[in-house]
$ cat final-v9.pdb   # PDB, C-alpha atoms, pLDDT in the B column
ATOM      1  CA  MET P   1     199.723   9.105 110.410  1.00 52.00           C
ATOM      2  CA  LYS P   2     197.851   8.695 107.142  1.00 54.00           C
ATOM      3  CA  THR P   3     194.630   7.629 108.862  1.00 57.00           C
ATOM      4  CA  LEU P   4     194.851  10.590 111.230  1.00 56.00           C
ATOM      5  CA  VAL P   5     195.008  13.029 108.315  1.00 55.00           C
ATOM      6  CA  LEU P   6     192.120  11.323 106.544  1.00 58.00           C
ATOM      7  CA  ARG P   7     190.093  11.328 109.723  1.00 59.00           C
ATOM      8  CA  VAL P   8     190.619  15.051 110.297  1.00 57.00           C
ATOM      9  CA  VAL P   9     189.633  15.817 106.707  1.00 60.00           C
ATOM     10  CA  ALA P  10     186.637  13.472 106.676  1.00 65.00           C
ATOM     11  CA  GLU P  11     185.119  14.459 110.013  1.00 71.00           C
ATOM     12  CA  PRO P  12     183.654  17.957 110.212  1.00 74.00           C
ATOM     13  CA  SER P  13     184.296  20.185 113.229  1.00 79.00           C
ATOM     14  CA  GLN P  14     181.803  19.533 115.998  1.00 81.00           C
ATOM     15  CA  ILE P  15     180.862  20.987 119.327  1.00 85.00           C
ATOM     16  CA  PHE P  16     179.012  18.651 121.704  1.00 87.00           C
ATOM     17  CA  TRP P  17     178.176  16.161 118.906  1.00 87.00           C
ATOM     18  CA  ALA P  18     176.647  18.804 116.609  1.00 88.00           C
ATOM     19  CA  PRO P  19     178.263  20.473 113.576  1.00 87.00           C
ATOM     20  CA  LEU P  20     179.848  23.773 114.482  1.00 86.00           C
ATOM     21  CA  ALA P  21     178.078  26.148 112.069  1.00 86.00           C
ATOM     22  CA  PRO P  22     174.451  25.085 112.771  1.00 89.00           C
ATOM     23  CA  ALA P  23     175.159  24.892 116.524  1.00 92.00           C
ATOM     24  CA  ALA P  24     176.641  28.399 116.486  1.00 93.00           C
ATOM     25  CA  GLY P  25     173.642  29.645 114.506  1.00 93.00           C
ATOM     26  CA  ASN P  26     171.300  28.076 117.044  1.00 96.00           C
ATOM     27  CA  VAL P  27     173.076  29.773 119.935  1.00 95.00           C
ATOM     28  CA  LEU P  28     173.249  33.108 118.102  1.00 96.00           C
ATOM     29  CA  VAL P  29     169.532  33.151 117.265  1.00 96.00           C
ATOM     30  CA  ASN P  30     168.464  32.083 120.747  1.00 96.00           C
ATOM     31  CA  ILE P  31     170.722  34.534 122.592  1.00 95.00           C
ATOM     32  CA  THR P  32     169.589  37.374 120.323  1.00 96.00           C
ATOM     33  CA  ALA P  33     165.950  36.467 120.987  1.00 96.00           C
ATOM     34  CA  MET P  34     166.716  36.233 124.715  1.00 95.00           C
ATOM     35  CA  LEU P  35     168.280  39.705 124.783  1.00 95.00           C
ATOM     36  CA  PHE P  36     165.340  41.210 122.899  1.00 95.00           C
ATOM     37  CA  GLY P  37     162.919  39.392 125.216  1.00 95.00           C
ATOM     38  CA  ILE P  38     164.675  40.603 128.356  1.00 94.00           C
ATOM     39  CA  MET P  39     165.076  44.202 127.193  1.00 95.00           C
ATOM     40  CA  GLY P  40     161.725  44.619 125.464  1.00 94.00           C
ATOM     41  CA  PHE P  41     159.326  42.441 127.405  1.00 93.00           C
ATOM     42  CA  ASN P  42     161.085  41.708 130.725  1.00 93.00           C
ATOM     43  CA  VAL P  43     160.926  37.930 130.110  1.00 92.00           C
ATOM     44  CA  ASN P  44     162.649  35.311 132.243  1.00 94.00           C
ATOM     45  CA  PRO P  45     165.748  34.020 130.333  1.00 93.00           C
ATOM     46  CA  LEU P  46     165.330  30.368 131.443  1.00 93.00           C
ATOM     47  CA  PRO P  47     163.025  29.321 128.542  1.00 93.00           C
ATOM     48  CA  PHE P  48     165.628  30.548 126.061  1.00 93.00           C
ATOM     49  CA  PHE P  49     168.279  28.298 127.578  1.00 93.00           C
ATOM     50  CA  VAL P  50     165.867  25.376 127.334  1.00 96.00           C
ATOM     51  CA  THR P  51     165.284  26.134 123.637  1.00 95.00           C
ATOM     52  CA  ILE P  52     169.048  26.286 123.082  1.00 95.00           C
ATOM     53  CA  LEU P  53     169.381  22.780 124.543  1.00 95.00           C
ATOM     54  CA  ILE P  54     166.412  21.436 122.567  1.00 96.00           C
ATOM     55  CA  GLY P  55     167.686  22.984 119.328  1.00 95.00           C
ATOM     56  CA  HIS P  56     171.170  21.656 119.927  1.00 94.00           C
ATOM     57  CA  GLY P  57     169.774  18.193 120.583  1.00 94.00           C
ATOM     58  CA  LEU P  58     167.809  18.283 117.335  1.00 94.00           C
ATOM     59  CA  ILE P  59     170.870  19.436 115.389  1.00 92.00           C
ATOM     60  CA  ALA P  60     172.994  16.699 116.983  1.00 90.00           C
ATOM     61  CA  GLY P  61     170.340  14.104 116.172  1.00 90.00           C
ATOM     62  CA  TYR P  62     170.172  15.190 112.550  1.00 86.00           C
ATOM     63  CA  ALA P  63     173.966  15.316 112.360  1.00 83.00           C
ATOM     64  CA  ALA P  64     174.124  11.687 113.458  1.00 82.00           C
ATOM     65  CA  ARG P  65     172.433  10.842 110.146  1.00 81.00           C
ATOM     66  CA  ASP P  66     174.381  13.373 108.079  1.00 78.00           C
ATOM     67  CA  PRO P  67     177.650  14.497 109.702  1.00 74.00           C
ATOM     68  CA  HIS P  68     178.445  16.974 106.905  1.00 76.00           C
ATOM     69  CA  LEU P  69     175.463  19.205 107.668  1.00 75.00           C
ATOM     70  CA  SER P  70     177.612  22.363 107.693  1.00 75.00           C
ATOM     71  CA  SER P  71     178.950  21.570 104.227  1.00 77.00           C
ATOM     72  CA  LEU P  72     175.438  20.998 102.924  1.00 77.00           C
ATOM     73  CA  ILE P  73     174.239  24.333 104.312  1.00 77.00           C
ATOM     74  CA  SER P  74     177.184  26.247 102.837  1.00 76.00           C
ATOM     75  CA  ALA P  75     176.768  24.522  99.448  1.00 77.00           C
ATOM     76  CA  TRP P  76     173.043  25.340  99.476  1.00 78.00           C
ATOM     77  CA  MET P  77     173.825  29.006 100.192  1.00 78.00           C
ATOM     78  CA  VAL P  78     176.202  29.147  97.208  1.00 77.00           C
ATOM     79  CA  THR P  79     173.591  27.652  94.861  1.00 77.00           C
ATOM     80  CA  ARG P  80     170.927  30.139  96.008  1.00 77.00           C
ATOM     81  CA  ARG P  81     172.911  33.205  94.863  1.00 74.00           C
ATOM     82  CA  LYS P  82     171.349  35.275  92.114  1.00 71.00           C
ATOM     83  CA  THR P  83     173.421  36.136  89.071  1.00 68.00           C
ATOM     84  CA  ALA P  84     173.337  39.888  88.495  1.00 68.00           C
ATOM     85  CA  ASN P  85     173.995  40.002  84.756  1.00 64.00           C
ATOM     86  CA  LEU P  86     171.221  37.798  83.336  1.00 65.00           C
ATOM     87  CA  LEU P  87     169.042  39.107  80.536  1.00 64.00           C
ATOM     88  CA  ALA P  88     165.441  37.977  80.512  1.00 64.00           C
ATOM     89  CA  VAL P  89     164.643  36.358  77.170  1.00 65.00           C
ATOM     90  CA  ARG P  90     161.538  34.318  76.408  1.00 70.00           C
ATOM     91  CA  GLY P  91     162.179  30.779  77.586  1.00 67.00           C
ATOM     92  CA  ASN P  92     165.842  31.167  78.537  1.00 63.00           C
ATOM     93  CA  LYS P  93     168.170  33.600  80.262  1.00 62.00           C
ATOM     94  CA  TYR P  94     171.450  34.585  78.690  1.00 57.00           C
ATOM     95  CA  VAL P  95     174.582  36.080  80.197  1.00 61.00           C
ATOM     96  CA  PRO P  96     175.864  38.964  78.039  1.00 57.00           C
TER
END
$ encode --input "final-v9.pdb" --output "structure tokens"
Amino acid sequence: MKTLVLRVVAEPSQIFWAPLAPAAGNVLVNITAMLFGIMGFNVNPLPFFVTILIGHGLIAGYAARDPHLSSLISAWMVTRRKTANLLAVRGNKYVP
């Protein structure tokens, strides 16, 4: 029982061997591009499905090296936030 709980906590959620958040982002971007391509330029949708598979394969390959890819992306997004109440002072920035 204890190892099952640790395993669920330690292993991130995956879909077809890729972390869930980057895989969902890949599908979302490619399907959006496919819809714009079909509506705007009358493009065949088959190349978009191929790019979904290629992108998913690349994400799964990278996730084999680093299984916590979703956690790294979310932590990076938190660190990239700008603080709204900083005052510009020569050399340093201070929060009032």
$ atom_distance --input "final-v9.pdb" --atom1 "CA of Leu72 (chain P)" --atom2 "CA of Thr51 (chain P)"
23.6 Å
$ atom_distance --input "final-v9.pdb" --atom1 "CA of Pro45 (chain P)" --atom2 "CA of Thr32 (chain P)"
11.2 Å
$ resolve_selection --input "final-v9.pdb" --expression "the PyMOL selection byres ((chain P and resi 49) around 12)" --output "list in words"
Asn26, Val27, Leu28, Val29, Asn30, Ile31, Thr32, Ala33, Met34, Leu35, Asn44, Pro45, Leu46, Pro47, Phe48, Val50, Thr51, Ile52, Leu53, Ile54, Gly55 and His56 of chain P
$ axis_aligned_box --input "final-v9.pdb" --around "region 17-25 of chain P" --padding-each-side "4 Å" --output "lines of an AutoDock Vina configuration file"
center_x = 176.7
center_y = 22.9
center_z = 115.5
size_x = 14.2
size_y = 21.5
size_z = 14.8
$ atom_distance --input "final-v9.pdb" --atom1 "CA of Ala63 (chain P)" --atom2 "CA of Pro19 (chain P)"
6.8 Å
$ residues_around --input "final-v9.pdb" --residues "Glu11 (chain P)" --least-positions-apart "6" --cutoff "12 Å" --atoms "all atoms listed in the file" --output "ChimeraX atom specification"
/P:3-5,17-20,63-64,66-71
